[in-house]
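Raw model-v2.txt, compact mmCIF, C-alpha atoms and all ligand atoms:
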```txt
# COMPACT_ATOMS: atom_id res chain seq x y z
CA MET Y 1 2.08 5.75 16.11
CA ARG Y 2 2.73 2.04 16.17
CA GLY Y 3 6.23 1.06 15.16
CA ASN Y 4 7.19 3.09 12.13
CA LEU Y 5 3.68 3.15 10.77
CA ASP Y 6 1.41 6.06 11.40
CA ILE Y 7 -2.00 4.47 11.64
CA PHE Y 8 -4.27 7.49 11.44
CA THR Y 9 -7.57 5.66 11.51
CA HIS Y 10 -8.57 3.06 14.10
CA SER Y 11 -12.25 2.38 13.64
CA ARG Y 12 -13.05 -0.96 12.05
CA MET Y 13 -15.30 0.99 9.72
CA GLU Y 14 -12.62 3.24 8.25
CA ILE Y 15 -10.00 2.59 5.66
CA PRO Y 16 -6.67 2.09 7.48
CA GLY Y 17 -4.10 4.75 6.62
CA ILE Y 18 -0.33 4.39 6.47
CA ASP Y 19 2.44 6.95 6.17
CA TRP Y 20 4.69 5.19 3.68
CA GLN Y 21 7.70 7.52 3.91
CA LYS Y 22 8.08 7.05 7.64
CA CYS Y 23 8.38 3.34 7.15
CA ALA Y 24 11.88 1.92 7.39
CA PHE Y 25 10.40 -1.32 6.13
CA THR Y 26 11.58 -3.50 8.90
CA GLU Y 27 9.91 -6.80 9.53
CA ASP Y 28 7.68 -5.13 12.15
CA ASP Y 29 6.49 -2.60 9.58
CA ALA Y 30 5.71 -5.36 7.13
CA GLY Y 31 3.64 -7.07 9.84
CA LEU Y 32 1.62 -3.93 10.45
CA LEU Y 33 1.15 -3.46 6.73
CA VAL Y 34 -0.28 -6.98 6.45
CA GLU Y 35 -2.40 -6.50 9.57
CA ASN Y 36 -3.98 -3.33 8.23
CA PHE Y 37 -4.31 -4.49 4.65
CA SER Y 38 -6.02 -7.66 5.89
CA ARG Y 39 -8.85 -5.74 7.53
CA LEU Y 40 -10.67 -4.54 4.40
CA GLY Y 41 -8.27 -5.23 1.56
CA PHE Y 42 -7.94 -1.44 1.24
CA LEU Y 43 -5.33 1.04 2.49
CA LEU Y 44 -4.85 4.78 2.22
CA LEU Y 45 -1.20 5.47 1.56
CA ARG Y 46 0.08 8.91 2.54
CA ASN Y 47 3.51 10.19 1.52
CA HIS Y 48 3.66 7.48 -1.07
CA GLY Y 49 6.68 9.00 -2.79
CA ILE Y 50 5.19 9.31 -6.26
CA SER Y 51 6.04 12.76 -7.53
CA GLY Y 52 3.14 15.19 -7.04
CA GLN Y 53 4.04 16.78 -10.38
CA LEU Y 54 3.66 13.47 -12.16
CA VAL Y 55 0.29 12.86 -10.50
CA GLU Y 56 -0.93 16.36 -11.43
CA GLU Y 57 0.28 15.94 -14.98
CA ALA Y 58 -1.48 12.58 -15.25
CA PHE Y 59 -4.77 14.24 -14.23
CA ARG Y 60 -4.20 17.06 -16.75
CA ILE Y 61 -3.62 14.47 -19.48
CA ALA Y 62 -6.80 12.64 -18.46
CA GLN Y 63 -8.80 15.86 -18.68
CA LYS Y 64 -7.31 16.65 -22.06
CA PHE Y 65 -8.26 13.21 -23.35
CA PHE Y 66 -11.83 13.21 -22.07
CA LEU Y 67 -12.42 16.73 -23.44
CA LEU Y 68 -11.77 15.46 -26.97
CA ASP Y 69 -14.81 15.22 -29.15
CA SER Y 70 -16.59 11.91 -28.65
CA SER Y 71 -16.19 11.09 -32.37
CA VAL Y 72 -12.38 11.29 -31.89
CA LYS Y 73 -12.40 9.11 -28.77
CA LYS Y 74 -14.64 6.54 -30.45
CA ARG Y 75 -12.03 6.00 -33.15
CA PHE Y 76 -10.04 4.12 -30.48
CA LEU Y 77 -12.78 2.03 -28.93
CA ARG Y 78 -11.75 -0.83 -26.69
CA GLY Y 79 -11.74 -4.00 -28.75
CA THR Y 80 -10.52 -2.34 -31.94
CA LEU Y 81 -6.80 -2.05 -31.06
CA SER Y 82 -4.19 -4.81 -31.14
CA ASP Y 83 -4.63 -5.49 -27.42
CA ASN Y 84 -8.25 -6.33 -26.74
CA ASN Y 85 -8.37 -4.49 -23.41
CA ALA Y 86 -6.72 -1.29 -24.63
CA GLY Y 87 -8.71 1.68 -25.81
CA TYR Y 88 -11.63 3.92 -25.06
CA VAL Y 89 -14.58 2.66 -23.04
CA ALA Y 90 -17.50 4.93 -23.88
CA TYR Y 91 -20.16 6.07 -21.41
CA GLN Y 92 -22.29 3.11 -20.28
CA MET Y 93 -20.21 0.63 -22.31
CA GLU Y 94 -19.00 -1.29 -19.25
CA SER Y 95 -20.87 -3.01 -16.42
CA LEU Y 96 -18.57 -3.66 -13.49
CA ASN Y 97 -21.64 -5.22 -11.93
CA THR Y 98 -24.33 -6.77 -14.11
CA ALA Y 99 -27.03 -4.92 -12.11
CA ASN Y 100 -26.42 -1.69 -14.08
CA THR Y 101 -24.20 -0.08 -16.68
CA ASP Y 102 -21.54 2.29 -15.38
CA LYS Y 103 -22.03 6.03 -15.78
CA LYS Y 104 -18.45 6.69 -16.69
CA GLU Y 105 -16.04 6.75 -19.60
CA ALA Y 106 -12.52 5.34 -19.42
CA LEU Y 107 -9.32 4.93 -21.36
CA ASN Y 108 -7.40 1.69 -20.85
CA ILE Y 109 -3.69 1.93 -21.65
CA THR Y 110 -1.99 -1.43 -21.57
CA CYS Y 111 1.63 -2.40 -22.12
CA SER Y 112 1.05 -3.79 -25.60
CA PRO Y 113 2.30 -1.56 -28.39
CA TRP Y 114 -0.10 1.16 -29.53
CA LEU Y 115 1.15 3.59 -32.15
CA LEU Y 116 -0.55 6.84 -31.20
CA PRO Y 117 -1.93 9.14 -33.88
CA ASP Y 118 -0.90 12.81 -33.57
CA SER Y 119 -4.22 13.66 -31.89
CA LEU Y 120 -3.32 11.39 -28.94
CA SER Y 121 0.47 11.79 -28.82
CA PHE Y 122 0.21 13.55 -25.42
CA LEU Y 123 -0.70 10.18 -23.86
CA SER Y 124 2.91 9.03 -24.23
CA ARG Y 125 3.79 11.42 -21.38
CA LEU Y 126 2.08 9.07 -18.90
CA ASP Y 127 4.94 6.63 -18.91
CA ASP Y 128 6.95 8.12 -16.01
CA PHE Y 129 3.87 8.27 -13.82
CA TYR Y 130 3.13 4.63 -14.58
CA ARG Y 131 6.76 3.63 -13.94
CA GLU Y 132 6.74 5.23 -10.46
CA ALA Y 133 3.34 3.74 -9.60
CA PHE Y 134 4.44 0.27 -10.69
CA ALA Y 135 7.66 0.55 -8.65
CA LEU Y 136 5.64 1.45 -5.56
CA GLY Y 137 3.37 -1.51 -6.23
CA MET Y 138 6.43 -3.78 -6.35
CA HIS Y 139 7.70 -2.34 -3.08
CA ILE Y 140 4.35 -3.12 -1.45
CA LEU Y 141 4.46 -6.67 -2.79
CA GLU Y 142 7.98 -7.08 -1.40
CA GLN Y 143 6.80 -6.05 2.04
CA LEU Y 144 3.83 -8.39 1.91
CA GLY Y 145 6.05 -11.26 0.75
CA SER Y 146 8.69 -10.66 3.39
CA PHE Y 147 6.12 -10.96 6.16
CA LEU Y 148 3.88 -13.67 4.74
CA SER Y 149 6.45 -16.13 3.46
CA PRO Y 150 7.87 -18.34 6.20
CA CYS Y 151 11.45 -17.60 5.13
CA GLY Y 152 10.90 -13.84 4.71
CA ASP Y 153 11.26 -14.02 0.92
CA LYS Y 154 10.63 -10.51 -0.49
CA ASN Y 155 10.42 -11.96 -3.96
CA VAL Y 156 7.79 -14.58 -3.36
CA LEU Y 157 5.01 -12.44 -4.96
CA ARG Y 158 7.05 -9.81 -6.75
CA LYS Y 159 8.85 -12.28 -8.99
CA TYR Y 160 5.70 -12.92 -11.03
CA HIS Y 161 5.40 -9.27 -12.05
CA SER Y 162 7.79 -8.22 -14.83
CA PHE Y 163 7.87 -4.50 -15.47
CA GLN Y 164 6.90 -3.30 -18.89
CA SER Y 165 6.53 0.33 -19.82
CA LEU Y 166 3.21 1.47 -21.25
CA GLY Y 167 2.75 0.49 -24.87
CA VAL Y 168 1.88 3.97 -26.12
CA TYR Y 169 4.47 5.36 -28.52
CA THR Y 170 4.72 7.78 -31.39
CA GLU Y 171 6.37 7.35 -34.81
CA LYS Y 172 9.62 8.87 -33.56
CA ASP Y 173 10.08 6.33 -30.75
CA GLY Y 174 8.94 3.32 -32.78
CA ILE Y 175 11.67 1.21 -31.19
CA VAL Y 176 9.30 0.64 -28.24
CA ALA Y 177 7.20 -1.74 -30.30
CA LYS Y 178 10.20 -3.89 -31.18
CA GLU Y 179 11.38 -4.13 -27.58
CA LYS Y 180 7.92 -5.14 -26.39
CA LYS Y 181 7.84 -8.18 -28.62
CA LYS Y 182 10.70 -9.73 -26.66
CA LYS Y 183 9.12 -9.34 -23.23
CA LYS Y 184 6.59 -11.29 -21.22
CA LYS Y 185 2.96 -10.23 -21.48
CA ALA Y 186 0.83 -9.14 -18.54
CA ALA Y 187 -2.57 -7.51 -18.19
CA SER Y 188 -1.28 -4.56 -16.13
CA THR Y 189 -3.11 -1.43 -17.21
CA LEU Y 190 -3.18 2.29 -16.57
CA ARG Y 191 -6.78 3.41 -16.63
CA LEU Y 192 -8.03 6.99 -16.85
CA LEU Y 193 -11.60 7.40 -15.63
CA HIS Y 194 -14.12 10.20 -15.98
CA TYR Y 195 -17.57 10.37 -14.41
CA PRO Y 196 -19.46 13.21 -16.11
CA PRO Y 197 -21.40 15.56 -13.80
CA SER Y 198 -24.50 13.80 -12.57
CA SER Y 199 -27.81 14.83 -14.12
CA SER Y 200 -29.78 13.83 -11.07
CA SER Y 201 -29.61 16.30 -8.19
CA SER Y 202 -30.68 14.03 -5.36
CA SER Y 203 -28.53 11.29 -4.01
CA THR Y 204 -29.31 10.34 -0.44
CA GLU Y 205 -27.94 7.57 1.78
CA THR Y 206 -30.93 5.42 0.86
CA ASP Y 207 -31.19 6.39 -2.79
CA LEU Y 208 -27.65 6.62 -4.10
CA GLU Y 209 -26.86 6.98 -7.75
CA VAL Y 210 -24.35 4.25 -8.58
CA LEU Y 211 -21.79 5.38 -11.15
CA ALA Y 212 -19.57 2.27 -11.11
CA GLY Y 213 -21.16 -0.96 -9.91
CA ALA Y 214 -19.88 -3.04 -7.01
CA HIS Y 215 -17.00 -5.22 -8.13
CA SER Y 216 -13.67 -6.60 -7.01
CA ASP Y 217 -10.51 -5.99 -9.03
CA TYR Y 218 -9.13 -8.78 -11.16
CA GLY Y 219 -5.37 -8.57 -10.70
CA THR Y 220 -2.83 -8.42 -7.85
CA ILE Y 221 -3.09 -4.87 -6.50
CA THR Y 222 -4.56 -1.58 -7.67
CA LEU Y 223 -3.22 1.89 -6.95
CA LEU Y 224 -5.98 4.47 -7.28
CA PHE Y 225 -5.60 8.24 -7.48
CA GLN Y 226 -8.79 10.27 -7.18
CA ASP Y 227 -9.79 13.92 -7.28
CA SER Y 228 -11.74 15.77 -4.58
CA CYS Y 229 -15.23 14.59 -5.57
CA GLY Y 230 -15.17 11.45 -3.42
CA GLY Y 231 -17.74 8.71 -3.98
CA LEU Y 232 -15.58 5.58 -3.70
CA GLN Y 233 -17.11 3.11 -1.23
CA VAL Y 234 -15.87 -0.24 0.07
CA GLN Y 235 -18.17 -3.05 1.11
CA HIS Y 236 -18.03 -4.21 4.69
CA GLY Y 237 -20.76 -6.77 5.39
CA ALA Y 238 -24.05 -5.02 4.70
CA GLU Y 239 -22.47 -1.56 4.93
CA TRP Y 240 -20.48 0.69 2.66
CA VAL Y 241 -17.39 2.44 4.02
CA SER Y 242 -16.60 5.73 2.25
CA VAL Y 243 -13.02 6.31 1.14
CA PRO Y 244 -11.95 9.90 1.87
CA ALA Y 245 -11.32 11.87 -1.30
CA GLN Y 246 -7.68 12.82 -1.86
CA GLU Y 247 -6.88 12.87 1.86
CA GLN Y 248 -3.57 14.75 2.15
CA GLY Y 249 -2.63 13.47 -1.28
CA ALA Y 250 -3.08 9.89 -0.13
CA LEU Y 251 -3.56 7.23 -2.73
CA VAL Y 252 -5.77 4.19 -2.34
CA VAL Y 253 -4.26 0.72 -2.53
CA ASN Y 254 -6.50 -2.29 -2.81
CA ALA Y 255 -6.05 -6.01 -3.22
CA GLY Y 256 -7.27 -7.76 -6.35
CA ASP Y 257 -8.67 -11.27 -6.67
CA LEU Y 258 -5.29 -12.83 -7.45
CA LEU Y 259 -3.71 -11.44 -4.27
CA GLU Y 260 -6.61 -12.92 -2.33
CA ILE Y 261 -5.87 -16.32 -3.90
CA TRP Y 262 -2.11 -16.05 -3.28
CA THR Y 263 -2.67 -15.10 0.34
CA GLY Y 264 -5.30 -17.81 0.90
CA GLY Y 265 -7.86 -15.15 1.78
CA ARG Y 266 -5.62 -13.37 4.27
CA ILE Y 267 -5.78 -10.17 2.23
CA PRO Y 268 -9.28 -9.94 0.78
CA SER Y 269 -10.21 -8.57 -2.61
CA THR Y 270 -13.11 -6.46 -1.44
CA LYS Y 271 -16.00 -5.21 -3.52
CA HIS Y 272 -16.16 -1.48 -4.05
CA ARG Y 273 -18.24 0.95 -6.08
CA VAL Y 274 -18.47 4.63 -6.97
CA VAL Y 275 -21.57 6.65 -6.10
CA ALA Y 276 -22.56 10.22 -6.87
CA THR Y 277 -21.72 12.77 -4.16
CA PRO Y 278 -22.86 16.38 -3.61
CA GLU Y 279 -19.38 17.44 -4.80
CA LEU Y 280 -20.04 15.73 -8.12
CA PHE Y 281 -23.40 17.48 -8.55
CA ASN Y 282 -21.66 20.80 -7.99
CA SER Y 283 -18.64 20.10 -10.14
CA PHE Y 284 -18.44 21.49 -13.64
CA ASN Y 285 -16.23 18.79 -15.10
CA GLY Y 286 -17.26 15.70 -13.18
CA ARG Y 287 -15.09 13.24 -11.30
CA TYR Y 288 -11.68 12.04 -12.46
CA SER Y 289 -9.70 9.10 -11.15
CA ILE Y 290 -6.68 7.15 -12.34
CA ALA Y 291 -6.16 3.48 -11.57
CA VAL Y 292 -2.98 1.47 -12.02
CA PHE Y 293 -3.98 -2.19 -12.14
CA ILE Y 294 -0.99 -4.43 -11.46
CA HIS Y 295 -1.28 -7.96 -12.81
CA PRO Y 296 1.13 -10.89 -12.85
CA ASP Y 297 2.68 -12.14 -16.08
CA ASP Y 298 0.06 -13.93 -18.18
CA ASP Y 299 1.74 -17.33 -17.83
CA THR Y 300 1.70 -17.24 -14.01
CA LEU Y 301 -0.07 -20.06 -12.24
CA VAL Y 302 -1.56 -18.27 -9.25
CA GLN Y 303 -1.93 -20.64 -6.33
CA PRO Y 304 -2.58 -20.15 -2.64
CA LEU Y 305 0.79 -19.86 -0.90
CA PHE Y 306 -0.21 -18.72 2.59
CA GLY Y 307 -3.36 -18.53 4.74
CA ASN Y 308 -6.17 -20.97 3.98
CA THR Y 309 -4.61 -22.82 1.06
CA GLU Y 310 -7.54 -25.28 0.86
CA LYS Y 311 -10.13 -22.61 0.08
CA TYR Y 312 -8.84 -21.54 -3.34
CA GLN Y 313 -8.06 -23.25 -6.61
CA SER Y 314 -5.04 -22.38 -8.70
CA VAL Y 315 -5.73 -20.33 -11.78
CA LEU Y 316 -3.72 -19.23 -14.80
CA ALA Y 317 -3.45 -15.43 -14.68
CA SER Y 318 -4.43 -14.88 -18.32
CA ASP Y 319 -7.46 -17.21 -18.07
CA TYR Y 320 -8.69 -15.48 -14.96
CA VAL Y 321 -8.53 -11.93 -16.25
CA GLY Y 322 -9.95 -12.99 -19.64
CA GLY Y 323 -12.98 -14.51 -17.91
CA ARG Y 324 -13.62 -11.39 -15.85
CA PHE Y 325 -13.41 -9.11 -18.91
CA GLN Y 326 -16.03 -11.17 -20.70
CA VAL Y 327 -18.52 -10.45 -17.95
CA SER Y 328 -17.71 -6.71 -17.62
CA TYR Y 329 -18.02 -5.94 -21.31
CA PRO Y 330 -21.23 -7.66 -22.40
O1 LIG C 401 -12.96 5.50 -10.15
C1 LIG C 401 -12.75 4.94 -9.08
O2 LIG C 401 -12.55 5.58 -8.05
C2 LIG C 401 -12.77 3.44 -8.98
C3 LIG C 401 -12.63 2.76 -10.31
C4 LIG C 401 -12.68 1.28 -10.20
O3 LIG C 401 -12.98 0.72 -9.17
C5 LIG C 401 -12.33 0.45 -11.37
O4 LIG C 401 -12.23 0.96 -12.51
O5 LIG C 401 -12.13 -0.78 -11.17
```
Let me see whether you can do it: turn the structure in this file into structure tokens.
Amino acid sequence: MRGNLDIFTHSRMEIPGIDWQKCAFTEDDAGLLVENFSRLGFLLLRNHGISGQLVEEAFRIAQKFFLLDSSVKKRFLRGTLSDNNAGYVAYQMESLNTANTDKKEALNITCSPWLLPDSLSFLSRLDDFYREAFALGMHILEQLGSFLSPCGDKNVLRKYHSFQSLGVYTEKDGIVAKEKKKKKKAASTLRLLHYPPSSSSSSTETDLEVLAGAHSDYGTITLLFQDSCGGLQVQHGAEWVSVPAQEQGALVVNAGDLLEIWTGGRIPSTKHRVVATPELFNSFNGRYSIAVFIHPDDDTLVQPLFGNTEKYQSVLASDYVGGRFQVSYP
């Protein structure tokens, strides 16, 4: 134990872990958070406070969605809804790295209004999960801001992130759409991911099957929930560090490109990928994960505030994410 943080991994080649509930969030704790987050741009957060029931329900909803017939899912393809990033990403439709197409399917749920048909109405139950995840994300940003800003300003990063509930709604709560129109827009997204069971039965250290190509995330921070299949790896120089699967219910937090810019490189947005594991070969349903991508409001000018402020150029949040999407979805 160091301060109020329980650092349960010490090797430079492991993802640092933090017990979030034990943290009183003093200035010392914020310093240790920054210190550990700075190492790889990844953290494992135990006791994160998000209701286990909500997490389990979110995974059940993901399974229910991906089990739908592919002809149903394809009715809601990404690019055909009012928000360009919302919708279903079919198997091999995305290339997180141009070297190969990803062996996964995904559903992007953004905060822009999406009137769900009856067949998808169960997706509206994801809102509470998203709300808790977003609140945790804001708490993390407050801690980072309070340590990094010279005057201890908790709001220095948080203030650019307005909360909006997910845009999914059904006929009976149509009011959601009206409320959304008044609010600021942001690219924050809840993403359900499914990696079907691998067809290949051999994946060795030297010959790994890549299911999601190496990439960095585009926004501020990502909260990632994964099942027990494992396979997430984080780049460290020429090596790949494996992220333990679902360690004691821990969730993964990683920095996106915009946090790297804001922190002048102090907290890096590190490349990561997903590879096939023996657990995936043996699993009947494949691998499931859920990512909450937290982005600043579209009109935010993201500029280096701390760290090496000379190294990065300012960028408009909406321009940056738009550019990255163009490359991922050829
Ligand atoms: O599925 C995962 O574990 C990671 C997904 C990911 O990195 C992404 O969608 O950006």
Practice item. Take the point (-21.9, 9.1, -7.2) in the file's coordinates, draw a sphere of radius 6 Å around it, and report as a ChimeraX atom specification every protein, DNA or RNA residue with an atom inside or on it, counting only C-alpha atoms. Key: /Y:209-211,231,274-277
Check your understanding: Got a sec: who's within 7 Å of Gly41 of chain Y, counting all atoms listed in the file, leaving out chain neighbours fewer than 3 positions off, as a list of chain:residue names?
Key -> Y:Phe37, Y:Ser38, Y:Asn254, Y:Ala255, Y:Ile267, Y:Pro268, Y:Ser269, Y:Thr270
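Atom to atom, atom CA of Val302 of chain Y and atom CA of Val315 of chain Y stand 5.3 Å apart.
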Please identify every polymer residue within 9 Å of ligand LIG 401 (chain C), using only C-alpha atoms and all ligand atoms, and present the set as a PDB file with C-alpha atoms, in the frame of the given file.
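Below you can see part.pdb, which holds the result:
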```
ATOM      1  CA  LEU Y  96     -18.570  -3.660 -13.490  1.00  0.00           C
ATOM      2  CA  LYS Y 104     -18.450   6.690 -16.690  1.00  0.00           C
ATOM      3  CA  ALA Y 106     -12.520   5.340 -19.420  1.00  0.00           C
ATOM      4  CA  ARG Y 191      -6.780   3.410 -16.630  1.00  0.00           C
ATOM      5  CA  LEU Y 192      -8.030   6.990 -16.850  1.00  0.00           C
ATOM      6  CA  LEU Y 193     -11.600   7.400 -15.630  1.00  0.00           C
ATOM      7  CA  HIS Y 194     -14.120  10.200 -15.980  1.00  0.00           C
ATOM      8  CA  TYR Y 195     -17.570  10.370 -14.410  1.00  0.00           C
ATOM      9  CA  LEU Y 211     -21.790   5.380 -11.150  1.00  0.00           C
ATOM     10  CA  ALA Y 212     -19.570   2.270 -11.110  1.00  0.00           C
ATOM     11  CA  GLY Y 213     -21.160  -0.960  -9.910  1.00  0.00           C
ATOM     12  CA  ALA Y 214     -19.880  -3.040  -7.010  1.00  0.00           C
ATOM     13  CA  HIS Y 215     -17.000  -5.220  -8.130  1.00  0.00           C
ATOM     14  CA  SER Y 216     -13.670  -6.600  -7.010  1.00  0.00           C
ATOM     15  CA  ASP Y 217     -10.510  -5.990  -9.030  1.00  0.00           C
ATOM     16  CA  TYR Y 218      -9.130  -8.780 -11.160  1.00  0.00           C
ATOM     17  CA  THR Y 222      -4.560  -1.580  -7.670  1.00  0.00           C
ATOM     18  CA  LEU Y 224      -5.980   4.470  -7.280  1.00  0.00           C
ATOM     19  CA  PHE Y 225      -5.600   8.240  -7.480  1.00  0.00           C
ATOM     20  CA  GLN Y 226      -8.790  10.270  -7.180  1.00  0.00           C
ATOM     21  CA  ASP Y 227      -9.790  13.920  -7.280  1.00  0.00           C
ATOM     22  CA  GLY Y 230     -15.170  11.450  -3.420  1.00  0.00           C
ATOM     23  CA  GLY Y 231     -17.740   8.710  -3.980  1.00  0.00           C
ATOM     24  CA  LEU Y 232     -15.580   5.580  -3.700  1.00  0.00           C
ATOM     25  CA  GLN Y 233     -17.110   3.110  -1.230  1.00  0.00           C
ATOM     26  CA  VAL Y 252      -5.770   4.190  -2.340  1.00  0.00           C
ATOM     27  CA  LYS Y 271     -16.000  -5.210  -3.520  1.00  0.00           C
ATOM     28  CA  HIS Y 272     -16.160  -1.480  -4.050  1.00  0.00           C
ATOM     29  CA  ARG Y 273     -18.240   0.950  -6.080  1.00  0.00           C
ATOM     30  CA  VAL Y 274     -18.470   4.630  -6.970  1.00  0.00           C
ATOM     31  CA  ARG Y 287     -15.090  13.240 -11.300  1.00  0.00           C
ATOM     32  CA  TYR Y 288     -11.680  12.040 -12.460  1.00  0.00           C
ATOM     33  CA  SER Y 289      -9.700   9.100 -11.150  1.00  0.00           C
ATOM     34  CA  ILE Y 290      -6.680   7.150 -12.340  1.00  0.00           C
ATOM     35  CA  ALA Y 291      -6.160   3.480 -11.570  1.00  0.00           C
ATOM     36  CA  PHE Y 293      -3.980  -2.190 -12.140  1.00  0.00           C
TER      37      PHE Y 293
END
```
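Among the candidate residues Y:Leu33, Y:Leu136, Y:Val168, Y:Val55, the one lying nearest to Pro113 of chain Y is Y:Val168, with distances computed using all atoms listed in the file.
Taking atom CA of Ser198 of chain Y and atom CA of Ser242 of chain Y as the two end points, the separation is 18.6 Å.
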Revision key, fill the gap. Judged by all atoms listed in the file, the minimum distance to Trp240 of chain Y among Y:Asp257, Y:Asp153, Y:Glu14, Y:Asp19 is found for Y:Glu14
Exercise for review: Have a look at atom CA of Arg324 of chain Y and atom CA of Leu144 of chain Y and let me know their distance in Å, one decimal.
Suggested key: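 That distance, rounded to one decimal, is 25.1 Å.
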Exercise for review: Pull the neighbourhood of (-1.4, -9.5, -10.7) for me: all residues within 9 Å in file coordinates, counting only C-alpha atoms, as a list in words.
Suggested key: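 Residues satisfying the cut-off, written out: Tyr160, His161, Ala186, Ala187, Ser188, Tyr218, Gly219, Thr220, Ile221, Gly256, Asp257, Leu258, Leu259, Phe293, Ile294, His295, Pro296, Asp297, Asp298, Thr300, Val302 and Ala317 of chain Y.
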Check your understanding: Y:Ser283, Y:Gln303, Y:Asn108, Y:Ser228: which is nearest Ala245 of chain Y, counting only C-alpha atoms?
Key -> Y:Ser228
Review point. Can you tell me, as a list in words, what residues are no more than 10 Å from Asp127 of chain Y when counting only C-alpha atoms, ignoring any on the same chain fewer than 2 positions away?
Key: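 With the cut-off at 10 Å, the set is Leu54, Ala58, Leu123, Ser124, Arg125, Phe129, Tyr130, Arg131, Glu132, Ala133, Ser165, Leu166, Gly167, Val168, Tyr169 and Leu190 of chain Y.
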**Study point:** Residue among Y:Thr189, Y:Asn85, Y:Gln63, Y:Thr170 lying closest to Leu116 of chain Y, counting only C-alpha atoms
**Key:** Y:Thr170
Study note, to complete from the structure: Of Y:Gly49, Y:Pro244, Y:Gly249, Y:Gly264, the one sitting nearest His139 of chain Y when using only C-alpha atoms is Y:Gly49
